[in-house]
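What's in final14.cif: mmCIF, C-alpha atoms and all ligand atoms
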data_structure
#
loop_
_atom_site.label_atom_id
_atom_site.label_comp_id
_atom_site.auth_asym_id
_atom_site.auth_seq_id
_atom_site.Cartn_x
_atom_site.Cartn_y
_atom_site.Cartn_z
CA MET A 148 22.73 54.01 59.04
CA GLU A 149 22.08 51.86 62.06
CA LEU A 150 18.51 51.80 63.32
CA VAL A 151 17.79 51.26 66.99
CA ARG A 152 14.12 50.62 67.64
CA VAL A 153 12.92 51.48 71.14
CA GLN A 154 9.61 51.09 72.96
CA SER A 155 9.27 54.56 74.37
CA TYR A 156 10.42 58.17 74.41
CA GLU A 157 12.02 57.44 77.78
CA GLU A 158 14.12 54.64 76.36
CA MET A 159 15.17 56.78 73.37
CA CYS A 160 16.32 59.56 75.70
CA ASN A 161 18.18 57.13 77.96
CA LEU A 162 20.14 55.67 75.06
CA ALA A 163 21.06 59.07 73.63
CA ALA A 164 22.06 60.41 77.05
CA GLU A 165 24.22 57.33 77.71
CA ARG A 166 26.16 57.95 74.48
CA ILE A 167 26.74 61.57 75.35
CA ILE A 168 27.80 60.75 78.91
CA ARG A 169 30.21 58.06 77.70
CA LEU A 170 31.86 60.50 75.28
CA VAL A 171 32.06 63.21 77.94
CA LYS A 172 33.70 60.81 80.39
CA GLU A 173 36.10 59.18 77.95
CA THR A 174 37.32 62.14 75.88
CA GLU A 175 39.78 64.83 76.84
CA SER A 176 38.07 67.73 75.03
CA PRO A 177 34.79 66.51 73.58
CA VAL A 178 32.86 68.68 71.13
CA LEU A 179 29.12 68.08 71.19
CA GLY A 180 26.66 69.19 68.53
CA LEU A 181 23.28 69.90 70.09
CA ALA A 182 19.74 70.21 68.82
CA THR A 183 16.61 71.97 70.05
CA GLY A 184 12.92 71.33 69.48
CA ALA A 185 10.61 69.08 71.50
CA THR A 186 12.52 65.86 70.79
CA PRO A 187 15.75 66.29 72.80
CA THR A 188 14.34 67.86 75.98
CA GLY A 189 14.15 64.44 77.66
CA VAL A 190 17.78 63.75 76.76
CA TYR A 191 18.83 66.97 78.46
CA GLN A 192 16.78 66.03 81.53
CA LYS A 193 18.73 62.77 81.74
CA LEU A 194 22.05 64.61 81.46
CA VAL A 195 21.02 66.98 84.23
CA SER A 196 19.90 64.10 86.52
CA ASP A 197 23.13 62.25 85.84
CA HIS A 198 25.17 65.38 86.57
CA ARG A 199 23.36 65.79 89.89
CA GLN A 200 23.43 62.14 90.90
CA ASN A 201 26.77 60.97 89.55
CA GLY A 202 28.69 64.21 89.24
CA THR A 203 29.51 63.87 85.53
CA SER A 204 31.38 67.07 84.76
CA TYR A 205 31.14 69.22 81.62
CA ARG A 206 33.99 71.60 82.44
CA HIS A 207 36.06 70.21 79.57
CA VAL A 208 33.19 70.08 77.04
CA THR A 209 32.54 72.43 74.12
CA THR A 210 29.13 72.59 72.45
CA PHE A 211 27.80 73.90 69.15
CA ASN A 212 24.09 74.19 68.54
CA LEU A 213 22.64 73.52 65.13
CA ASP A 214 20.64 76.67 64.64
CA GLU A 215 19.04 79.87 65.89
CA TYR A 216 16.17 82.10 64.76
CA ILE A 217 17.15 85.43 63.25
CA GLY A 218 15.81 88.30 65.33
CA LEU A 219 15.72 86.44 68.64
CA GLY A 220 18.33 86.97 71.34
CA PRO A 221 19.28 85.37 74.67
CA GLU A 222 16.50 87.20 76.52
CA ASP A 223 13.75 85.96 74.19
CA ALA A 224 11.98 82.98 75.75
CA THR A 225 11.53 81.46 72.30
CA SER A 226 15.17 81.71 71.22
CA TYR A 227 17.23 78.55 71.08
CA TYR A 228 19.78 80.25 73.34
CA PHE A 229 17.07 80.58 75.99
CA TYR A 230 15.98 76.98 75.39
CA MET A 231 19.51 75.64 75.91
CA MET A 232 20.04 77.62 79.09
CA LYS A 233 16.66 76.50 80.42
CA HIS A 234 16.95 72.81 79.58
CA LEU A 235 20.67 72.15 80.00
CA PHE A 236 23.42 74.72 80.40
CA ARG A 237 22.08 76.37 83.56
CA HIS A 238 21.91 73.00 85.33
CA ILE A 239 25.37 71.60 84.58
CA ASP A 240 28.90 72.88 85.16
CA ILE A 241 29.76 73.76 81.56
CA PRO A 242 31.43 77.20 81.30
CA VAL A 243 29.04 79.35 79.24
CA GLY A 244 31.98 80.53 77.11
CA GLN A 245 32.37 76.97 75.83
CA THR A 246 28.80 76.86 74.53
CA HIS A 247 28.16 78.15 71.02
CA ILE A 248 24.89 79.07 69.35
CA PRO A 249 24.60 81.20 66.20
CA ASP A 250 23.91 84.83 67.14
CA GLY A 251 20.35 85.55 66.02
CA LEU A 252 20.88 89.25 66.64
CA ALA A 253 24.08 89.56 64.58
CA LYS A 254 24.07 92.79 62.55
CA ASN A 255 25.41 90.89 59.59
CA PRO A 256 23.97 87.35 59.63
CA GLU A 257 26.06 86.28 56.62
CA GLU A 258 29.26 87.18 58.48
CA GLU A 259 27.94 85.38 61.55
CA CYS A 260 27.58 82.22 59.46
CA VAL A 261 31.21 82.41 58.31
CA ARG A 262 32.37 83.06 61.89
CA TYR A 263 30.34 80.11 63.21
CA GLU A 264 31.60 77.67 60.59
CA ARG A 265 35.19 78.76 61.29
CA LYS A 266 34.69 78.37 65.04
CA ILE A 267 33.58 74.75 64.60
CA GLU A 268 36.67 74.08 62.47
CA GLU A 269 38.94 75.73 65.05
CA HIS A 270 37.68 73.22 67.58
CA GLY A 271 38.55 70.33 65.30
CA GLY A 272 34.95 69.62 64.30
CA ILE A 273 32.12 67.95 66.17
CA ASP A 274 32.62 64.56 67.82
CA LEU A 275 28.96 63.68 68.36
CA GLN A 276 26.05 65.51 66.75
CA ILE A 277 22.52 65.03 68.09
CA LEU A 278 19.77 65.62 65.52
CA GLY A 279 16.01 65.75 65.45
CA ILE A 280 14.12 65.60 62.18
CA GLY A 281 11.47 67.95 60.82
CA ARG A 282 8.30 66.55 59.30
CA ASN A 283 9.52 67.67 55.88
CA GLY A 284 12.86 65.95 56.41
CA HIS A 285 14.84 68.96 57.53
CA ILE A 286 17.81 68.57 59.86
CA GLY A 287 18.88 71.69 61.71
CA PHE A 288 16.95 74.19 59.60
CA ASN A 289 18.13 72.77 56.28
CA GLU A 290 14.89 72.82 54.38
CA PRO A 291 14.13 70.67 51.31
CA GLY A 292 16.21 71.80 48.35
CA THR A 293 19.24 72.83 50.44
CA PRO A 294 22.41 71.79 48.59
CA PHE A 295 24.31 68.94 50.20
CA SER A 296 27.46 71.12 49.99
CA SER A 297 25.96 73.87 52.18
CA LYS A 298 27.91 75.31 55.10
CA THR A 299 26.42 77.40 57.92
CA HIS A 300 23.96 79.73 56.21
CA VAL A 301 20.91 81.94 56.47
CA VAL A 302 17.68 80.14 55.61
CA LYS A 303 14.15 81.26 54.88
CA LEU A 304 11.89 78.91 56.83
CA THR A 305 9.17 77.09 54.98
CA GLU A 306 5.57 77.70 56.01
CA SER A 307 5.30 74.07 57.18
CA THR A 308 8.30 74.50 59.49
CA ARG A 309 6.90 77.77 60.87
CA GLU A 310 3.58 76.01 61.42
CA ALA A 311 5.26 73.03 63.15
CA ASN A 312 7.07 75.39 65.52
CA ARG A 313 4.02 77.54 66.24
CA PRO A 314 3.24 75.81 69.59
CA PHE A 315 6.40 77.35 71.01
CA PHE A 316 5.19 80.87 70.12
CA ASP A 317 2.16 83.07 70.84
CA GLY A 318 0.93 82.74 67.28
CA LYS A 319 2.21 81.93 63.83
CA ASP A 320 2.99 85.58 63.07
CA GLN A 321 5.43 85.46 66.01
CA VAL A 322 7.45 82.62 64.45
CA PRO A 323 10.52 84.16 62.78
CA THR A 324 10.75 83.88 59.03
CA HIS A 325 14.52 83.28 58.90
CA ALA A 326 17.17 81.38 60.82
CA ILE A 327 20.87 80.61 60.82
CA THR A 328 21.65 76.92 60.56
CA MET A 329 24.69 74.71 60.26
CA GLY A 330 24.74 73.47 56.68
CA LEU A 331 24.39 69.89 55.55
CA SER A 332 28.13 69.62 54.86
CA THR A 333 28.82 71.06 58.33
CA ILE A 334 26.66 68.36 59.91
CA MET A 335 28.23 65.65 57.75
CA LYS A 336 31.69 66.51 59.06
CA SER A 337 30.67 65.32 62.54
CA LYS A 338 32.47 62.12 63.48
CA GLU A 339 29.33 60.51 64.84
CA ILE A 340 25.65 61.41 64.42
CA VAL A 341 22.64 60.30 66.44
CA LEU A 342 19.23 61.18 65.00
CA LEU A 343 16.23 60.95 67.33
CA ALA A 344 12.63 60.52 66.21
CA ASN A 345 9.58 59.75 68.29
CA GLY A 346 5.85 59.88 67.90
CA LYS A 347 3.49 59.23 65.02
CA MET A 348 4.04 62.66 63.47
CA LYS A 349 7.50 61.47 62.42
CA ALA A 350 6.34 58.19 60.88
CA PRO A 351 5.80 59.50 57.32
CA VAL A 352 9.19 61.20 57.09
CA LEU A 353 11.04 58.17 58.48
CA ARG A 354 9.25 55.99 55.99
CA ARG A 355 10.36 58.28 53.17
CA LEU A 356 13.90 58.24 54.52
CA PHE A 357 14.12 54.45 54.72
CA THR A 358 12.54 53.79 51.35
CA MET A 359 14.56 56.35 49.40
CA ASP A 360 17.24 54.72 47.25
CA GLU A 361 19.41 57.69 46.37
CA PRO A 362 19.98 60.56 48.80
CA SER A 363 18.32 63.71 47.46
CA PRO A 364 18.17 67.34 48.61
CA GLU A 365 14.37 66.98 48.48
CA LEU A 366 14.74 65.07 51.75
CA PRO A 367 17.68 66.77 53.51
CA ALA A 368 18.03 64.00 56.13
CA SER A 369 18.74 61.51 53.34
CA ILE A 370 22.29 62.87 53.14
CA LEU A 371 22.93 60.91 56.34
CA LYS A 372 22.93 57.72 54.26
CA GLN A 373 26.35 58.86 53.00
CA HIS A 374 27.81 59.16 56.51
CA PRO A 375 29.78 56.22 57.96
CA ASN A 376 28.61 56.56 61.58
CA VAL A 377 24.93 57.41 61.96
CA THR A 378 22.52 55.87 64.44
CA ILE A 379 18.81 56.53 64.27
CA ILE A 380 17.03 55.93 67.56
CA ALA A 381 13.29 55.83 66.98
CA ASP A 382 10.27 54.67 68.94
CA GLU A 383 7.54 52.28 67.82
CA GLU A 384 5.16 55.09 66.85
CA ALA A 385 7.69 56.77 64.61
CA LEU A 386 8.45 53.43 62.96
CA SER A 387 4.88 52.29 62.56
CA PRO A 388 3.97 52.12 58.85
CA GLY A 389 0.31 52.83 59.62
CA ASN A 390 0.99 56.24 61.12
CA ARG A 391 0.33 59.12 58.80
CA GLY A 392 1.26 61.90 61.22
N1 LIG A 401 15.22 73.56 63.98
C1 LIG A 401 14.56 72.50 64.66
C2 LIG A 401 15.30 71.22 64.41
O1 LIG A 401 16.60 71.31 64.92
C3 LIG A 401 14.50 70.11 65.04
O2 LIG A 401 15.24 68.92 65.07
C4 LIG A 401 13.26 69.87 64.23
C5 LIG A 401 12.28 68.92 64.86
O3 LIG A 401 11.65 69.50 65.96
P1 LIG A 401 10.85 68.67 67.04
O4 LIG A 401 11.87 67.93 67.83
O5 LIG A 401 10.16 69.72 67.87
O6 LIG A 401 9.92 67.78 66.32
O7 LIG A 401 12.65 71.07 63.86
C6 LIG A 401 13.04 72.33 64.39
O8 LIG A 401 12.51 73.22 63.50
#

As structure tokens, how would this structure be written, given the file I've shared?
Amino acid sequence: MELVRVQSYEEMCNLAAERIIRLVKETESPVLGLATGATPTGVYQKLVSDHRQNGTSYRHVTTFNLDEYIGLGPEDATSYYFYMMKHLFRHIDIPVGQTHIPDGLAKNPEEECVRYERKIEEHGGIDLQILGIGRNGHIGFNEPGTPFSSKTHVVKLTESTREANRPFFDGKDQVPTHAITMGLSTIMKSKEIVLLANGKMKAPVLRRLFTMDEPSPELPASILKQHPNVTIIADEEALSPGNRG
């Protein structure tokens, strides 16, 4: 894992956006893996500004999002579908049919997982996957204890994850209890991975990640140590040993 230490959130977002833009410009049919949460919103802002100012086109791009809450659909302001439309897709020229997010309203979520995994494979896998990291070390919604061999699956969210995501909802009881997420093996098949972490809340989990010798399902993000092309872009606060989150 390569670590890139930056001074600010702004700088982190600039670097991540530059990587995405380079891939989009240089590749015939790029497949991007996208994340939600508070962390990547600034990256999407940069992509939108660049699209407006420099005309970078996304007509040839396919995207796959990491996860979606079960029970929330495109019209729900707290769904990840809604988030992606709001922060990115609506502002660039990507055909909506080329964007993929697990269907949180699928009648049979297990079947939806199989369909989603197959769809990623049909597109030849993900070229560049953007990740955030949960305070308990989750990536996507792969909570501690998730097997490293997992494919796209249904997950029961931990109370700490529901609590961490509460600010996006009207109250904790509104936070869904389950989600569909790409599995750890799905994420590991990406050719390149960029994990973003900023702010003091992420300091303890990054510390655990860097000091862990052997990757363990107890810290799902530790699987990334086994991937040949991972860059972690983190700001000073997230890398400060004194921060306890
Ligand atoms: N499912 C998402 C993840 O994809 C995200 O990376 C992580 C961190 O979120 P944030 O960026 O808001 O800290 O937790 C959420 O629960």

Residue contacts of A:Val178 (8 Å, only C-alpha atoms) excluding same-chain residues fewer than 6 positions away, as JSON, numbers by chain: {"A": [208, 209, 210, 211, 270, 272, 273, 274, 275]}

Identify which of the residues A:Leu343, A:Val352, A:Ile370, A:Leu331 lies closest to A:Pro187, counting only C-alpha atoms when measuring atom-to-atom distances.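 Nearest candidate to A:Pro187 out of A:Leu343, A:Val352, A:Ile370, A:Leu331: A:Leu343.
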
Identify which of the residues A:Tyr216, A:Tyr156, A:Phe357, A:Tyr230 lies closest to ligand LIG 401 (chain A), counting only C-alpha atoms and all ligand atoms when measuring atom-to-atom distances.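 Nearest candidate to ligand LIG 401 (chain A) out of A:Tyr216, A:Tyr156, A:Phe357, A:Tyr230: A:Tyr216.
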
Taking only C-alpha atoms and all ligand atoms into account, which residues are within 10 Å of ligand LIG 401 (chain A), as JSON, numbers by chain? {"A": [181, 182, 183, 184, 185, 186, 187, 188, 212, 213, 214, 215, 216, 227, 277, 278, 279, 280, 281, 282, 283, 284, 285, 286, 287, 288, 289, 290, 304, 305, 307, 308, 309, 310, 311, 312, 313, 314, 315, 326, 327, 328, 329, 342, 343, 344, 345, 346, 348, 349]}

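Straight-line separation from atom CA of A:Arg206 to atom CA of A:Ile340: 22.3 Å.
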
Just the number, please: distance in Å from atom CA of A:Phe316 to atom CA of A:Asp250, one decimal.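 Those two atoms sit 19.4 Å apart.
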
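Of note, atom CA of A:Gly330 and atom CA of A:His234 are spaced 24.2 Å apart.
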
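Counting all atoms listed in the file and comparing A:Leu179, A:Leu162, A:Ile380, A:Ile248, the residue that lies closest to A:Met231 is A:Ile248.
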
Just checking: using all atoms listed in the file, which residue out of A:Arg265, A:Pro323, A:His238, A:Tyr205 ends up closest to A:Gly251?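 Among the listed residues, the smallest separation from A:Gly251 belongs to A:Pro323.
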